[in-house]
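Structure below is model_22.pdb: PDB, C-alpha atoms.
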```
MODEL        1
ATOM      1  CA  MET A  15     -53.204 -75.442 166.364
ATOM      2  CA  ARG A  16     -50.838 -75.054 169.292
ATOM      3  CA  ARG A  17     -47.848 -77.332 169.462
ATOM      4  CA  VAL A  18     -47.901 -79.832 172.301
ATOM      5  CA  ALA A  19     -44.844 -80.846 174.290
ATOM      6  CA  THR A  20     -45.362 -84.504 175.252
ATOM      7  CA  LEU A  21     -44.174 -85.513 178.695
ATOM      8  CA  PHE A  22     -42.447 -88.882 178.416
ATOM      9  CA  SER A  23     -40.966 -91.505 180.676
ATOM     10  CA  ALA A  24     -40.566 -90.227 184.252
ATOM     11  CA  LEU A  25     -43.123 -87.447 183.937
ATOM     12  CA  THR A  26     -40.262 -84.993 183.879
ATOM     13  CA  LEU A  27     -39.570 -82.059 181.636
ATOM     14  CA  ALA A  28     -35.912 -82.983 181.462
ATOM     15  CA  THR A  29     -36.207 -83.503 177.742
ATOM     16  CA  LEU A  30     -37.895 -80.165 177.103
ATOM     17  CA  GLY A  31     -35.058 -78.740 175.108
ATOM     18  CA  TRP A  32     -37.315 -78.514 172.070
ATOM     19  CA  THR A  33     -37.675 -75.174 170.434
ATOM     20  CA  ALA A  34     -40.941 -73.288 170.471
ATOM     21  CA  GLY A  35     -40.027 -70.839 167.722
ATOM     22  CA  THR A  36     -37.731 -67.873 167.948
ATOM     23  CA  ALA A  37     -40.280 -65.774 169.809
ATOM     24  CA  ALA A  38     -40.267 -68.315 172.623
ATOM     25  CA  HIS A  39     -36.566 -68.115 173.345
ATOM     26  CA  ALA A  40     -34.309 -65.664 175.030
ATOM     27  CA  ALA A  41     -31.114 -65.985 176.993
ATOM     28  CA  PRO A  42     -32.091 -68.045 180.075
ATOM     29  CA  SER A  43     -32.124 -66.087 183.292
ATOM     30  CA  PRO A  44     -30.379 -67.479 186.401
ATOM     31  CA  SER A  45     -32.127 -70.419 188.041
ATOM     32  CA  PRO A  46     -34.175 -69.542 191.131
ATOM     33  CA  THR A  47     -32.422 -70.008 194.454
ATOM     34  CA  PRO A  48     -33.038 -73.419 196.073
ATOM     35  CA  SER A  49     -34.910 -73.301 199.371
ATOM     36  CA  ALA A  50     -33.296 -74.436 202.582
ATOM     37  CA  GLU A  51     -35.536 -77.534 202.656
ATOM     38  CA  GLY A  52     -34.394 -78.605 199.200
ATOM     39  CA  ALA A  53     -37.964 -78.965 197.911
ATOM     40  CA  GLY A  54     -38.556 -75.595 196.353
ATOM     41  CA  THR A  55     -37.070 -72.350 195.150
ATOM     42  CA  SER A  56     -37.303 -68.697 196.037
ATOM     43  CA  VAL A  57     -37.310 -65.986 193.390
ATOM     44  CA  SER A  58     -35.659 -62.605 193.847
ATOM     45  CA  THR A  59     -37.613 -59.400 193.452
ATOM     46  CA  GLU A  60     -35.751 -58.529 190.267
ATOM     47  CA  GLU A  61     -36.391 -61.986 188.822
ATOM     48  CA  GLN A  62     -40.094 -61.599 189.589
ATOM     49  CA  ARG A  63     -40.211 -58.301 187.713
ATOM     50  CA  ALA A  64     -38.221 -59.761 184.834
ATOM     51  CA  ALA A  65     -40.675 -62.679 184.564
ATOM     52  CA  VAL A  66     -43.603 -60.321 184.014
ATOM     53  CA  ARG A  67     -41.649 -58.416 181.357
ATOM     54  CA  PHE A  68     -40.563 -61.668 179.720
ATOM     55  CA  TRP A  69     -44.087 -62.865 178.944
ATOM     56  CA  THR A  70     -44.983 -60.777 175.955
ATOM     57  CA  THR A  71     -48.048 -61.605 173.881
ATOM     58  CA  ASP A  72     -45.862 -63.338 171.297
ATOM     59  CA  ARG A  73     -44.233 -65.553 173.912
ATOM     60  CA  LEU A  74     -47.592 -66.502 175.405
ATOM     61  CA  ARG A  75     -48.723 -67.645 171.972
ATOM     62  CA  ALA A  76     -45.516 -69.560 171.265
ATOM     63  CA  ALA A  77     -45.401 -71.465 174.574
ATOM     64  CA  GLN A  78     -45.828 -75.228 174.157
ATOM     65  CA  ASP A  79     -48.588 -77.013 176.046
ATOM     66  CA  VAL A  80     -47.289 -79.675 178.432
ATOM     67  CA  THR A  81     -49.013 -83.062 178.481
ATOM     68  CA  ALA A  82     -48.592 -85.842 181.023
ATOM     69  CA  LEU A  83     -48.724 -89.361 179.570
ATOM     70  CA  PRO A  84     -48.877 -92.803 181.203
ATOM     71  CA  ALA A  85     -45.301 -93.698 180.199
ATOM     72  CA  ALA A  86     -44.394 -92.745 183.787
ATOM     73  CA  ARG A  87     -43.918 -96.461 184.512
ATOM     74  CA  THR A  88     -40.160 -95.920 184.538
ATOM     75  CA  ALA A  89     -40.380 -93.614 187.532
ATOM     76  CA  LYS A  90     -39.107 -95.199 190.717
ATOM     77  CA  LEU A  91     -41.587 -96.561 193.215
ATOM     78  CA  ALA A  92     -41.766 -94.902 196.595
ATOM     79  CA  THR A  93     -43.697 -95.110 199.828
ATOM     80  CA  ALA A  94     -47.266 -94.161 198.995
ATOM     81  CA  PRO A  95     -48.540 -90.771 200.170
ATOM     82  CA  SER A  96     -50.454 -91.043 203.416
ATOM     83  CA  THR A  97     -54.166 -90.206 203.278
ATOM     84  CA  THR A  98     -55.045 -91.670 206.667
ATOM     85  CA  GLY A  99     -54.455 -88.513 208.696
ATOM     86  CA  GLU A 100     -56.931 -86.023 210.017
ATOM     87  CA  ARG A 101     -59.221 -84.568 207.399
ATOM     88  CA  VAL A 102     -58.411 -80.886 207.007
ATOM     89  CA  SER A 103     -60.314 -78.485 204.783
ATOM     90  CA  VAL A 104     -60.072 -74.755 204.128
ATOM     91  CA  PRO A 105     -63.218 -73.105 202.711
ATOM     92  CA  PRO A 106     -63.369 -71.111 199.477
ATOM     93  CA  LEU A 107     -62.786 -67.370 199.619
ATOM     94  CA  PRO A 108     -65.254 -65.361 197.506
ATOM     95  CA  GLY A 109     -63.649 -62.922 195.117
ATOM     96  CA  PRO A 110     -64.575 -59.274 194.798
ATOM     97  CA  VAL A 111     -65.304 -59.587 191.085
ATOM     98  CA  ALA A 112     -66.426 -63.195 190.534
ATOM     99  CA  PRO A 113     -68.973 -63.355 187.704
ATOM    100  CA  THR A 114     -72.439 -64.631 188.533
ATOM    101  CA  SER A 115     -72.642 -68.403 188.235
ATOM    102  CA  ALA A 116     -74.985 -70.016 185.737
ATOM    103  CA  PRO A 117     -76.033 -73.574 184.865
ATOM    104  CA  SER A 118     -73.324 -75.450 182.980
ATOM    105  CA  THR A 119     -73.436 -78.369 180.572
ATOM    106  CA  ARG A 120     -72.612 -81.744 182.096
ATOM    107  CA  ALA A 121     -69.137 -82.545 180.808
ATOM    108  CA  THR A 122     -68.272 -86.176 180.107
ATOM    109  CA  SER A 123     -65.796 -84.903 177.529
ATOM    110  CA  PRO A 124     -63.832 -81.630 177.690
ATOM    111  CA  THR A 125     -66.369 -78.822 177.454
ATOM    112  CA  ALA A 126     -65.994 -75.048 177.482
ATOM    113  CA  TRP A 127     -66.837 -73.710 180.934
ATOM    114  CA  THR A 128     -69.784 -71.333 180.664
ATOM    115  CA  GLY A 129     -70.962 -71.469 184.269
ATOM    116  CA  GLY A 130     -69.095 -68.384 185.489
ATOM    117  CA  GLY A 131     -68.686 -68.180 189.241
ATOM    118  CA  LEU A 132     -65.529 -68.370 191.311
ATOM    119  CA  ILE A 133     -63.789 -70.919 189.095
ATOM    120  CA  SER A 134     -63.801 -68.472 186.177
ATOM    121  CA  THR A 135     -61.507 -66.119 188.098
ATOM    122  CA  THR A 136     -59.474 -68.610 190.185
ATOM    123  CA  ALA A 137     -58.496 -70.998 187.377
ATOM    124  CA  GLY A 138     -55.774 -69.759 185.078
ATOM    125  CA  LYS A 139     -52.775 -70.508 182.920
ATOM    126  CA  VAL A 140     -49.200 -70.998 184.032
ATOM    127  CA  PHE A 141     -46.264 -70.067 181.811
ATOM    128  CA  PHE A 142     -42.630 -70.933 182.507
ATOM    129  CA  GLN A 143     -39.211 -71.397 180.965
ATOM    130  CA  ASN A 144     -36.904 -74.386 181.375
ATOM    131  CA  ALA A 145     -33.126 -74.461 181.702
ATOM    132  CA  SER A 146     -32.675 -74.726 177.938
ATOM    133  CA  GLY A 147     -34.763 -71.637 177.294
ATOM    134  CA  GLY A 148     -37.890 -73.408 176.018
ATOM    135  CA  THR A 149     -41.237 -71.912 177.023
ATOM    136  CA  PHE A 150     -44.222 -73.943 178.166
ATOM    137  CA  ALA A 151     -47.788 -73.701 179.466
ATOM    138  CA  CYS A 152     -49.731 -75.525 182.188
ATOM    139  CA  SER A 153     -52.819 -74.800 184.304
ATOM    140  CA  ALA A 154     -53.291 -73.946 187.995
ATOM    141  CA  THR A 155     -55.946 -72.901 190.513
ATOM    142  CA  VAL A 156     -55.900 -70.409 193.385
ATOM    143  CA  ALA A 157     -56.171 -72.184 196.763
ATOM    144  CA  ASN A 158     -57.267 -70.348 199.902
ATOM    145  CA  SER A 159     -54.269 -70.003 202.225
ATOM    146  CA  ASP A 160     -52.928 -67.933 205.111
ATOM    147  CA  ASN A 161     -51.016 -65.578 202.828
ATOM    148  CA  ARG A 162     -53.805 -65.416 200.198
ATOM    149  CA  SER A 163     -51.170 -66.040 197.514
ATOM    150  CA  VAL A 164     -51.021 -69.787 196.750
ATOM    151  CA  VAL A 165     -51.888 -71.752 193.611
ATOM    152  CA  LEU A 166     -52.034 -75.545 193.237
ATOM    153  CA  THR A 167     -50.503 -77.056 190.105
ATOM    154  CA  ALA A 168     -48.595 -80.173 189.001
ATOM    155  CA  GLY A 169     -45.080 -80.991 190.111
ATOM    156  CA  HIS A 170     -44.028 -81.405 186.480
ATOM    157  CA  CYS A 171     -45.078 -77.782 185.906
ATOM    158  CA  VAL A 172     -42.599 -76.392 188.447
ATOM    159  CA  VAL A 173     -39.525 -78.653 188.530
ATOM    160  CA  ASP A 174     -37.405 -80.942 186.366
ATOM    161  CA  ALA A 175     -37.702 -84.253 188.213
ATOM    162  CA  ALA A 176     -34.470 -85.520 186.639
ATOM    163  CA  THR A 177     -32.321 -82.710 188.038
ATOM    164  CA  GLY A 178     -34.358 -81.106 190.827
ATOM    165  CA  THR A 179     -34.041 -77.721 189.093
ATOM    166  CA  GLY A 180     -37.036 -75.421 189.419
ATOM    167  CA  TYR A 181     -38.330 -73.635 186.344
ATOM    168  CA  ARG A 182     -37.837 -69.915 185.810
ATOM    169  CA  ASN A 183     -39.899 -66.954 184.618
ATOM    170  CA  TRP A 184     -42.895 -68.655 186.281
ATOM    171  CA  VAL A 185     -46.134 -66.674 186.083
ATOM    172  CA  PHE A 186     -49.847 -67.280 186.627
ATOM    173  CA  ILE A 187     -52.587 -65.496 184.676
ATOM    174  CA  PRO A 188     -55.965 -65.958 186.419
ATOM    175  CA  GLY A 189     -59.027 -65.949 184.202
ATOM    176  CA  TYR A 190     -56.909 -66.207 181.052
ATOM    177  CA  THR A 191     -59.098 -66.129 177.933
ATOM    178  CA  GLY A 192     -58.043 -65.685 174.334
ATOM    179  CA  GLY A 193     -54.732 -64.066 175.243
ATOM    180  CA  ASN A 194     -56.400 -61.575 177.596
ATOM    181  CA  ARG A 195     -55.146 -61.017 181.142
ATOM    182  CA  PRO A 196     -58.279 -59.671 182.887
ATOM    183  CA  TYR A 197     -56.688 -59.596 186.352
ATOM    184  CA  GLY A 198     -53.071 -59.121 185.375
ATOM    185  CA  THR A 199     -49.982 -61.335 185.429
ATOM    186  CA  PHE A 200     -48.785 -62.629 188.803
ATOM    187  CA  SER A 201     -45.160 -63.740 189.101
ATOM    188  CA  ALA A 202     -44.026 -66.486 191.461
ATOM    189  CA  ARG A 203     -41.877 -65.587 194.453
ATOM    190  CA  SER A 204     -41.564 -69.193 195.668
ATOM    191  CA  LEU A 205     -42.153 -72.673 194.256
ATOM    192  CA  PHE A 206     -42.744 -75.721 196.474
ATOM    193  CA  TRP A 207     -42.715 -79.371 195.412
ATOM    194  CA  GLU A 208     -42.502 -82.726 197.164
ATOM    195  CA  PRO A 209     -38.939 -84.034 197.636
ATOM    196  CA  GLN A 210     -40.261 -87.508 196.758
ATOM    197  CA  TYR A 211     -41.280 -86.270 193.316
ATOM    198  CA  VAL A 212     -37.630 -85.560 192.526
ATOM    199  CA  SER A 213     -36.091 -88.478 194.442
ATOM    200  CA  THR A 214     -38.334 -90.902 192.509
ATOM    201  CA  ARG A 215     -37.550 -89.094 189.252
ATOM    202  CA  GLY A 216     -41.166 -88.199 188.668
ATOM    203  CA  ASN A 217     -43.432 -90.718 190.387
ATOM    204  CA  ALA A 218     -46.872 -89.276 189.652
ATOM    205  CA  ASN A 219     -48.196 -90.101 193.127
ATOM    206  CA  TRP A 220     -46.231 -87.007 194.193
ATOM    207  CA  ASP A 221     -47.014 -84.886 191.137
ATOM    208  CA  TYR A 222     -48.445 -81.841 192.903
ATOM    209  CA  ALA A 223     -46.885 -78.502 193.782
ATOM    210  CA  PHE A 224     -47.706 -75.095 195.181
ATOM    211  CA  ALA A 225     -46.546 -71.709 193.935
ATOM    212  CA  VAL A 226     -46.609 -68.531 196.015
ATOM    213  CA  MET A 227     -47.423 -65.526 193.876
ATOM    214  CA  ASN A 228     -46.266 -61.949 194.300
ATOM    215  CA  THR A 229     -48.743 -59.152 194.959
ATOM    216  CA  LEU A 230     -50.010 -57.012 192.092
ATOM    217  CA  ASN A 231     -51.012 -53.382 192.540
ATOM    218  CA  GLY A 232     -50.690 -53.835 196.288
ATOM    219  CA  ARG A 233     -53.163 -56.734 196.468
ATOM    220  CA  THR A 234     -52.652 -60.459 196.932
ATOM    221  CA  LEU A 235     -53.857 -62.938 194.366
ATOM    222  CA  ALA A 236     -56.825 -64.094 196.455
ATOM    223  CA  GLU A 237     -57.775 -60.518 197.289
ATOM    224  CA  THR A 238     -57.895 -59.893 193.561
ATOM    225  CA  VAL A 239     -59.789 -62.967 192.295
ATOM    226  CA  GLY A 240     -60.864 -65.035 195.329
ATOM    227  CA  ALA A 241     -59.747 -68.603 196.045
ATOM    228  CA  GLN A 242     -61.074 -72.141 195.930
ATOM    229  CA  GLY A 243     -61.244 -74.242 199.065
ATOM    230  CA  ILE A 244     -58.798 -77.102 199.518
ATOM    231  CA  ALA A 245     -59.108 -80.437 201.352
ATOM    232  CA  PHE A 246     -56.551 -82.948 202.610
ATOM    233  CA  ASN A 247     -57.025 -86.630 203.487
ATOM    234  CA  SER A 248     -60.465 -86.254 201.968
ATOM    235  CA  GLN A 249     -62.927 -88.943 200.975
ATOM    236  CA  THR A 250     -62.347 -90.531 197.571
ATOM    237  CA  GLY A 251     -64.766 -92.006 195.057
ATOM    238  CA  ARG A 252     -66.951 -88.911 194.794
ATOM    239  CA  HIS A 253     -68.351 -86.898 191.910
ATOM    240  CA  VAL A 254     -65.674 -84.374 190.959
ATOM    241  CA  HIS A 255     -64.946 -81.683 188.377
ATOM    242  CA  SER A 256     -61.631 -80.891 186.695
ATOM    243  CA  PHE A 257     -60.634 -77.643 184.998
ATOM    244  CA  GLY A 258     -57.820 -76.825 182.620
ATOM    245  CA  TYR A 259     -56.626 -75.177 179.433
ATOM    246  CA  GLY A 260     -56.347 -78.089 177.000
ATOM    247  CA  GLY A 261     -54.521 -77.269 173.790
ATOM    248  CA  SER A 262     -56.510 -79.238 171.212
ATOM    249  CA  ALA A 263     -58.634 -77.489 168.610
ATOM    250  CA  ALA A 264     -61.769 -78.946 170.200
ATOM    251  CA  GLU A 265     -60.763 -77.332 173.502
ATOM    252  CA  GLY A 266     -60.072 -73.922 172.014
ATOM    253  CA  ASN A 267     -56.316 -74.333 171.420
ATOM    254  CA  GLY A 268     -55.479 -73.504 175.017
ATOM    255  CA  GLU A 269     -57.257 -70.152 174.868
ATOM    256  CA  ARG A 270     -60.278 -70.968 177.042
ATOM    257  CA  LEU A 271     -61.111 -72.766 180.285
ATOM    258  CA  ASN A 272     -62.605 -76.251 179.879
ATOM    259  CA  HIS A 273     -64.015 -78.709 182.360
ATOM    260  CA  CYS A 274     -64.693 -82.406 182.818
ATOM    261  CA  GLU A 275     -66.693 -84.204 185.490
ATOM    262  CA  GLY A 276     -67.415 -87.711 186.668
ATOM    263  CA  ASN A 277     -67.329 -90.204 189.517
ATOM    264  CA  GLU A 278     -63.822 -90.994 190.712
ATOM    265  CA  PHE A 279     -62.252 -94.438 190.476
ATOM    266  CA  PRO A 280     -58.789 -95.664 191.527
ATOM    267  CA  ASP A 281     -55.948 -95.910 189.018
ATOM    268  CA  ALA A 282     -55.475 -99.613 188.356
ATOM    269  CA  GLY A 283     -53.079 -99.153 185.446
ATOM    270  CA  ARG A 284     -49.848 -98.284 187.254
ATOM    271  CA  PRO A 285     -48.212-100.498 189.901
ATOM    272  CA  GLY A 286     -48.216 -98.716 193.249
ATOM    273  CA  SER A 287     -50.474 -95.911 192.068
ATOM    274  CA  THR A 288     -52.526 -94.046 194.667
ATOM    275  CA  MET A 289     -54.119 -91.771 192.074
ATOM    276  CA  TRP A 290     -57.822 -91.380 191.274
ATOM    277  CA  GLY A 291     -59.377 -90.508 187.935
ATOM    278  CA  ILE A 292     -62.483 -89.928 185.862
ATOM    279  CA  ASP A 293     -63.798 -90.992 182.448
ATOM    280  CA  CYS A 294     -62.891 -87.749 180.720
ATOM    281  CA  VAL A 295     -59.538 -86.437 179.604
ATOM    282  CA  GLN A 296     -58.235 -82.984 178.748
ATOM    283  CA  THR A 297     -55.215 -82.534 176.516
ATOM    284  CA  GLY A 298     -51.886 -80.701 176.574
ATOM    285  CA  GLY A 299     -51.855 -77.532 178.669
ATOM    286  CA  SER A 300     -54.389 -78.839 181.192
ATOM    287  CA  SER A 301     -51.631 -80.321 183.389
ATOM    288  CA  GLY A 302     -51.865 -78.840 186.867
ATOM    289  CA  GLY A 303     -55.505 -77.837 186.521
ATOM    290  CA  GLY A 304     -57.645 -78.409 189.593
ATOM    291  CA  PHE A 305     -59.810 -81.370 190.548
ATOM    292  CA  LEU A 306     -62.612 -80.133 192.827
ATOM    293  CA  ALA A 307     -65.154 -81.924 195.003
ATOM    294  CA  ASP A 308     -68.312 -80.469 196.575
ATOM    295  CA  PHE A 309     -68.418 -78.177 193.566
ATOM    296  CA  SER A 310     -71.399 -75.842 193.258
ATOM    297  CA  GLY A 311     -71.951 -72.368 191.864
ATOM    298  CA  GLY A 312     -68.381 -72.195 190.586
ATOM    299  CA  GLY A 313     -66.758 -72.974 193.928
ATOM    300  CA  GLY A 314     -65.588 -76.111 195.699
ATOM    301  CA  TYR A 315     -62.662 -77.860 197.355
ATOM    302  CA  LEU A 316     -59.429 -78.749 195.567
ATOM    303  CA  ILE A 317     -58.559 -82.413 196.118
ATOM    304  CA  GLY A 318     -55.797 -82.745 193.517
ATOM    305  CA  ASN A 319     -54.571 -81.607 190.114
ATOM    306  CA  ILE A 320     -54.514 -83.010 186.598
ATOM    307  CA  SER A 321     -51.400 -85.155 186.325
ATOM    308  CA  VAL A 322     -51.637 -88.325 184.223
ATOM    309  CA  SER A 323     -53.806 -89.239 181.248
ATOM    310  CA  ALA A 324     -54.402 -92.748 179.939
ATOM    311  CA  GLY A 325     -56.764 -93.417 177.077
ATOM    312  CA  ALA A 326     -60.051 -91.698 177.864
ATOM    313  CA  ASN A 327     -59.179 -91.117 181.533
ATOM    314  CA  GLU A 328     -57.319 -88.459 183.492
ATOM    315  CA  TYR A 329     -55.943 -88.860 187.013
ATOM    316  CA  HIS A 330     -54.921 -86.744 189.983
ATOM    317  CA  PRO A 331     -52.601 -87.398 192.926
ATOM    318  CA  THR A 332     -54.291 -87.410 196.321
ATOM    319  CA  LEU A 333     -53.556 -84.631 198.811
ATOM    320  CA  GLY A 334     -52.500 -86.325 202.025
ATOM    321  CA  ASN A 335     -50.356 -85.484 205.039
ATOM    322  CA  GLU A 336     -47.287 -84.595 202.965
ATOM    323  CA  ALA A 337     -49.313 -82.310 200.727
ATOM    324  CA  LEU A 338     -50.786 -80.633 203.796
ATOM    325  CA  ASP A 339     -47.308 -79.930 205.168
ATOM    326  CA  LEU A 340     -46.194 -78.528 201.816
ATOM    327  CA  TYR A 341     -49.331 -76.360 201.576
ATOM    328  CA  ARG A 342     -48.718 -74.965 205.060
ATOM    329  CA  ARG A 343     -45.139 -74.087 204.130
ATOM    330  CA  ALA A 344     -46.353 -72.305 201.024
ATOM    331  CA  GLY A 345     -49.036 -70.472 202.971
ATOM    332  CA  ALA A 346     -46.441 -69.205 205.443
ATOM    333  CA  ALA A 347     -43.969 -68.046 202.793
TER
ENDMDL
END
```

For this file, produce the structure as structure tokens.
Amino acid sequence: MRRVATLFSALTLATLGWTAGTAAHAAPSPSPTPSAEGAGTSVSTEEQRAAVRFWTTDRLRAAQDVTALPAARTAKLATAPSTTGERVSVPPLPGPVAPTSAPSTRATSPTAWTGGGLISTTAGKVFFQNASGGTFACSATVANSDNRSVVLTAGHCVVDAATGTGYRNWVFIPGYTGGNRPYGTFSARSLFWEPQYVSTRGNANWDYAFAVMNTLNGRTLAETVGAQGIAFNSQTGRHVHSFGYGGSAAEGNGERLNHCEGNEFPDAGRPGSTMWGIDCVQTGGSSGGGFLADFSGGGGYLIGNISVSAGANEYHPTLGNEALDLYRRAGAA
């Protein structure tokens, strides 16, 4: 069974100095260069190439799955994200190789995704290294964007909220299954997170981020696998699906894509929370995986990402005006 790195306190990976076995460690590479806006990093061409080389099969297997837990109560409160702006949505982009969709089992507990379709190519695993050299795994989803190169994931999968330092050797493997990389390994050239996520030391209301991936074999990520739609300031309280690579034995030890579904309800367990959740929870490694509304035939609209779990529930931050601005910056990078 894969080891799980538990995310404590301020939903930050500041404490992720734990070892993941000798295969998971190497001399840390230089930290990515902070962006001018102070809410992201840019990655040099050489660092992008080094990231792809870094992620050998052994290191993929040794990476620890990151789990978000409700102990985020110690994070500072902040002005709630605005979701009262204009509703903006970007439609899904069909992929050139998306498998045919098929009926899937209704998932009130984490269930292997067997429905094929666009989600089977646009969902994938994220791997990264922290400042101490530890290696970790999250989930992410390709979002349609101007540059056809953006994925949505969790803030705690891209940055240490305690220090504001972005993670290194950050890669995305779409369609990851059983260690296989059917569409290759895409390295990040930029990471974008909300400044409020760091200034509040990990308030989960702001626990979303976007990564801009490099091209592979002359093609962008979305040109290779397609992209899900994405919606901002969208209606809440709907029937939604979530997708991720949970690390428990019941979920395939992080080696397969799983999904949950249910009707959204507001998070009443954390003071000041603006998050919404469902009665289903995926385990370590699912952090950052997409929540989708209007989901049909394997495609839909991203409305958030897996962030916090509490008991039998998992929650996502809402994508409001600030998220829209961050998404537009990522799409222009």

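Here atom CA of A:Ala121 is placed at a distance of 10.1 Å from atom CA of A:Asp293.
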
### Query
Residues picked by the PyMOL selection byres ((chain A and resi 70) around 12) here, as a PyMOL selection string?
chain A and resi 37-40+64-69+71-77+141+149+183+185+193-195+199

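Applying the 12 Å criterion to (-59.3, -81.3, 204.7) in file coordinates and using only C-alpha atoms, one obtains the residues Thr97, Thr98, Gly99, Glu100, Arg101, Val102, Ser103, Val104, Pro105, Gly243, Ile244, Ala245, Phe246, Asn247, Ser248, Gln249, Ala307, Tyr315, Leu316, Ile317, Gly318, Thr332, Leu333, Gly334, Asn335, Ala337, Leu338 and Tyr341 of chain A.
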
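What separates atom CA of A:Asn228 from atom CA of A:Gly147 is a distance of 22.7 Å.
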
Once 8 Å is added on each side, what centre and edge lengths in Å to one decimal does the axis-aligned box around all listed atoms of stretch 258-261 of chain A have, as JSON?
```
{"center_x": -56.2, "center_y": -76.6, "center_z": 178.2, "size_x": 19.3, "size_y": 18.9, "size_z": 24.8}
```

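Comparing A:Tyr197, A:Phe305, A:Tyr181, A:Trp127 by their smallest distance to A:His255, the closest is A:Phe305 (using only C-alpha atoms).
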
### Task
Evaluate the PyMOL selection byres ((chain A and resi 161) around 10) and record the selected residues as a list in words, following the chain and residue labels used in the document.
Asn158, Ser159, Asp160, Arg162, Ser163, Val164, Val226, Met227, Thr234, Leu235, Ala236, Arg342, Ala344, Gly345, Ala346 and Ala347 of chain A

Contacts of stretch 123-160 of chain A with stretch 165-180 of chain A up to 7 Å, shortest pair per row, only C-alpha atoms, as CSV:
```
residue,atom,partner,partner_atom,distance
A:Cys152,CA,A:Cys171,CA,6.4
A:Ser153,CA,A:Thr167,CA,6.6
A:Ala154,CA,A:Thr167,CA,4.7
A:Thr155,CA,A:Val165,CA,5.2
A:Val156,CA,A:Val165,CA,4.2
A:Ala157,CA,A:Val165,CA,5.3
```

### Message
Evaluate the PyMOL selection byres ((chain A and resi 277) around 7) against this structure - the residues, as a ChimeraX atom specification, please.
### Response
/A:251-254,276,278-279,292

#### Entry: atom CA of A:Ser262 to atom CA of A:Thr297, distance in Å rounded to a single decimal
6.4 Å

### Message
Residues within 8 Å of A:Glu208, please, as a list in words. Count all atoms listed in the file; anything in the same chain fewer than 6 positions from it doesn't count.
### Response
Ala53, Gly169, Trp220, Asp221, Tyr222, Ala223, Glu336, Ala337 and Leu340 of chain A

### Message
So that I can see what lies close to A:Thr135, please list as an MDAnalysis selection string the residues with an atom at most 6 Å from it, counting all atoms listed in the file and leaving out residues fewer than 3 positions away in the same chain.
### Response
chainID A and resid 132 188:189 239

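When only C-alpha atoms are used to measure the gap to A:Glu275, the shortest distance among A:Ser123, A:Ile320, A:Arg203, A:Gly261 belongs to A:Ser123.
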